[in-house]
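A.B. asks: I'd like to ask you about the structure that follows.
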Amino acid sequence: MTSYLAMAAAPSLAGSAPVGQPDGKRDTIEMRVLTFASKQALDRYAAFLENAYFPAVRRIGLGKAGAFTSADKPDTLSITLVQAHPAIEAYAAAENRLLQDAEFLKAGAAVLDLPPADPPFAHAECSLMVAFESWPRLKAPKEAARDQARVFELRTYESHSRKANKKKIEMFNAGESAMFARNGLQPVFFGETLSGPQIPNLTYMLTYPNLEAREGLWKAWGADPEKQRLFSIPEYADKLIVSKIHSTFLKPLPGSMI
């Protein structure tokens with residue numbers, strides 16, 4: 001999210017705009033992982049998001065935003081926030097737009113006006129990404145519009161070098177992104193991380209109706225003939241371009257737009 005949350009909170013191989021200069025046709029995606037000292041602090045922040053942040057995002061048109069907690073580790077005291085901006089300029093302006101909104105300041109006062117002795121969270125990490133050419137805009141799953149049950153998987157692929165990272169992004173743009181959608185895994189976004197921890201990396205988010213459905217969906221993806229073709233190309237071998245994979249399962253908080 002925008003930087004108030006932290007207080008009170010080389011051209012690609014596929015020919016995209018230079019890194020750090022999204023072309024206006026692809027979202028700039030902001031992701032924050034906030035950790036809390038207690039369950040009470042987490043619940044307080046979740047209420048702030050539901051009652052102040054998400055209504056303001058909708059009201060002033062900042063773009064789609066989502067907030068998530070762990071789906072499989074209930075004792076994890078963290079919230080993952082995802083905010084899509086239509087361009088890098090919109091990301092830069094978002095904080096001022098929020099802080100000029102009187103309704104947001106009033107509804108969020110319980111968190112925005114906390115004293116230094118009682119900070120809203122214990123730690124925050126922020127990543128800034130640009131969406132892939134093959135999936136240029138963040139897409140909320142169909143279940144979000146009806147507030148139906150859904151679970152998410154956030155996956156991060158680290159690479160040993162930027163060149164290797166670019167090659168893996170090229171692979172997604174060459175067909176891997178489309179395979180996820182074709183096999184029912186419901187992508188939310190695919191992002192090239194411009195700044196943040198564990199770089200160089202790419203991060204993407206998938207949606208399932210529930211965790212039990214995940215295995216069957218991935219099995220269908222693995223049997224896709226295009227997957228077999230793409231993964232047989234020598235330069236796309238994982239051992240050459242991916243050094244580590246991180247996977248986290250998440251569920252949406254009340255009010256989440258994703």
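Residues in the structure tokens are numbered from 1 in each chain, the chains being A, B, ... in the order shown, and ligands are numbered from 1 in the order shown.
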What residues in region 31-127 of chain A get the DSSP label strand (DSSP E or B)? Please answer as a PyMOL selection string.
C.D. replies: chain A and resi 31-35+65-70+78-85+123-127
A.B. asks: Any chance you could list, as a ChimeraX atom specification, the residues in region 60-188 of chain A that come up helix (DSSP H, G or I) when DSSP is run on the backbone?
C.D. replies: /A:60,88-99,102-107,109-112,142-145,162-182
A.B. asks: Residues within 12 Å of Asp75 (chain A), please, as a PyMOL selection string. Count only C-alpha atoms; anything in the same chain fewer than 3 positions from it doesn't count.
C.D. replies: chain A and resi 35-39+42+69-72+78-79
A.B. asks: Give one line per residue of region 104-204 of chain A that approaches region 24-28 of chain A to at most 7 Å, naming the two atoms of the closest pair and their distance in Å to one decimal, counting only C-alpha atoms; sort by chain then ascending residue number and deliver it as JSON lines.
C.D. replies:
```
{"residue": "A:Met129", "atom": "CA", "partner": "A:Thr28", "partner_atom": "CA", "distance": 5.8}
{"residue": "A:Val130", "atom": "CA", "partner": "A:Thr28", "partner_atom": "CA", "distance": 4.7}
{"residue": "A:Ala131", "atom": "CA", "partner": "A:Asp27", "partner_atom": "CA", "distance": 5.4}
{"residue": "A:Pro136", "atom": "CA", "partner": "A:Arg26", "partner_atom": "CA", "distance": 4.4}
{"residue": "A:Arg137", "atom": "CA", "partner": "A:Asp27", "partner_atom": "CA", "distance": 5.3}
{"residue": "A:Leu138", "atom": "CA", "partner": "A:Asp27", "partner_atom": "CA", "distance": 6.8}
```
A.B. asks: Keeping only N, CA and C atoms, write those residues as a PDB file, in the first residue's frame.
C.D. replies:
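Dumped to out06.pdb:
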```pdb
ATOM      1  N   MET A 129       6.123  -3.894  -8.045  1.00  0.00           N
ATOM      2  CA  MET A 129       6.229  -4.733  -9.233  1.00  0.00           C
ATOM      3  C   MET A 129       5.572  -4.050 -10.430  1.00  0.00           C
ATOM      4  N   VAL A 130       5.982  -4.490 -11.609  1.00  0.00           N
ATOM      5  CA  VAL A 130       5.268  -4.121 -12.826  1.00  0.00           C
ATOM      6  C   VAL A 130       4.696  -5.400 -13.409  1.00  0.00           C
ATOM      7  N   ALA A 131       3.426  -5.334 -13.829  1.00  0.00           N
ATOM      8  CA  ALA A 131       2.736  -6.512 -14.338  1.00  0.00           C
ATOM      9  C   ALA A 131       3.358  -6.992 -15.641  1.00  0.00           C
ATOM     10  N   PRO A 136      -1.402  -7.937 -18.189  1.00  0.00           N
ATOM     11  CA  PRO A 136      -1.049  -6.546 -17.886  1.00  0.00           C
ATOM     12  C   PRO A 136      -1.822  -5.894 -16.751  1.00  0.00           C
ATOM     13  N   ARG A 137      -2.978  -6.424 -16.393  1.00  0.00           N
ATOM     14  CA  ARG A 137      -3.777  -5.819 -15.335  1.00  0.00           C
ATOM     15  C   ARG A 137      -4.129  -6.849 -14.270  1.00  0.00           C
ATOM     16  N   LEU A 138      -4.085  -6.420 -13.016  1.00  0.00           N
ATOM     17  CA  LEU A 138      -4.534  -7.279 -11.931  1.00  0.00           C
ATOM     18  C   LEU A 138      -6.005  -7.611 -12.137  1.00  0.00           C
TER      19      LEU A 138
END
```
A.B. asks: Env of Ala181 (chain A): 10 Å cut, atoms = only C-alpha atoms, seq-sep filter 6 positions within chain, self excluded. Answer as a ChimeraX atom specification.
C.D. replies: /A:187-188,206,221
A.B. asks: Rank A:Lys163, A:Arg150, A:Lys139, A:His246 by their smallest atom-to-atom distance to Ala213 (chain A), using only C-alpha atoms, and report the top residue only.
C.D. replies: A:Arg150
A.B. asks: Using only C-alpha atoms, I'd like a table of the residues in region 109-206 of chain A that come within 7 Å of region 224-241 of chain A; for each, show the closest atom pair and its distance in Å rounded to one decimal, ordered by chain and ascending number, as JSON lines.
C.D. replies:
```
{"residue": "A:Ser159", "atom": "CA", "partner": "A:Ile241", "partner_atom": "CA", "distance": 5.8}
{"residue": "A:Ala164", "atom": "CA", "partner": "A:Ile241", "partner_atom": "CA", "distance": 4.5}
{"residue": "A:Asn165", "atom": "CA", "partner": "A:Ile241", "partner_atom": "CA", "distance": 6.3}
{"residue": "A:Lys167", "atom": "CA", "partner": "A:Ile241", "partner_atom": "CA", "distance": 6.7}
{"residue": "A:Lys168", "atom": "CA", "partner": "A:Ile241", "partner_atom": "CA", "distance": 6.1}
{"residue": "A:Met171", "atom": "CA", "partner": "A:Tyr236", "partner_atom": "CA", "distance": 6.8}
```
A.B. asks: Please write the residues from the selection above to a file, keeping N, CA and C atoms, as a compact mmCIF listing (two decimals), in the first residue's frame.
C.D. replies:
```
# COMPACT_ATOMS: atom_id res chain seq x y z
N SER A 159 15.72 -15.79 -8.69
CA SER A 159 16.73 -16.19 -9.67
C SER A 159 18.10 -15.74 -9.18
N ALA A 164 18.81 -14.22 -15.61
CA ALA A 164 18.01 -15.43 -15.43
C ALA A 164 16.56 -15.09 -15.09
N ASN A 165 16.38 -14.07 -14.25
CA ASN A 165 15.04 -13.60 -13.90
C ASN A 165 14.28 -13.15 -15.14
N LYS A 167 14.76 -14.16 -18.16
CA LYS A 167 14.47 -15.33 -18.98
C LYS A 167 13.21 -16.05 -18.48
N LYS A 168 13.06 -16.15 -17.15
CA LYS A 168 11.86 -16.77 -16.59
C LYS A 168 10.62 -15.93 -16.91
N MET A 171 9.57 -16.61 -20.33
CA MET A 171 8.88 -17.89 -20.41
C MET A 171 7.39 -17.73 -20.07
```
A.B. asks: For Lys219 (chain A), list every protein, DNA or RNA residue within 12 Å, evaluated using only C-alpha atoms, and leave out those in the same chain fewer than 3 positions away; present the list as number ranges by chain.
C.D. replies: A: 180, 183-185, 213-216, 222-224, 227
A.B. asks: Quick one: of A:Met31, A:Ala87, A:Ile60, A:Leu77, who's nearest to Phe121 (chain A), counting only C-alpha atoms?
C.D. replies: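 Closest candidate: A:Leu77.
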A.B. asks: For Ala107 (chain A), which of A:Leu34, A:Ala178, A:Leu49, A:Val242 is the closest residue, counting only C-alpha atoms?
C.D. replies: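 Looking at the shortest contact to Ala107 (chain A), the residue is A:Leu49.
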A.B. asks: Looking at only C-alpha atoms, which of A:Asp113, A:Glu89, A:Glu30, A:Asp147 is the one that sits closest to Thr203 (chain A)?
C.D. replies: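 That would be A:Glu30, the residue with the smallest distance to Thr203 (chain A).
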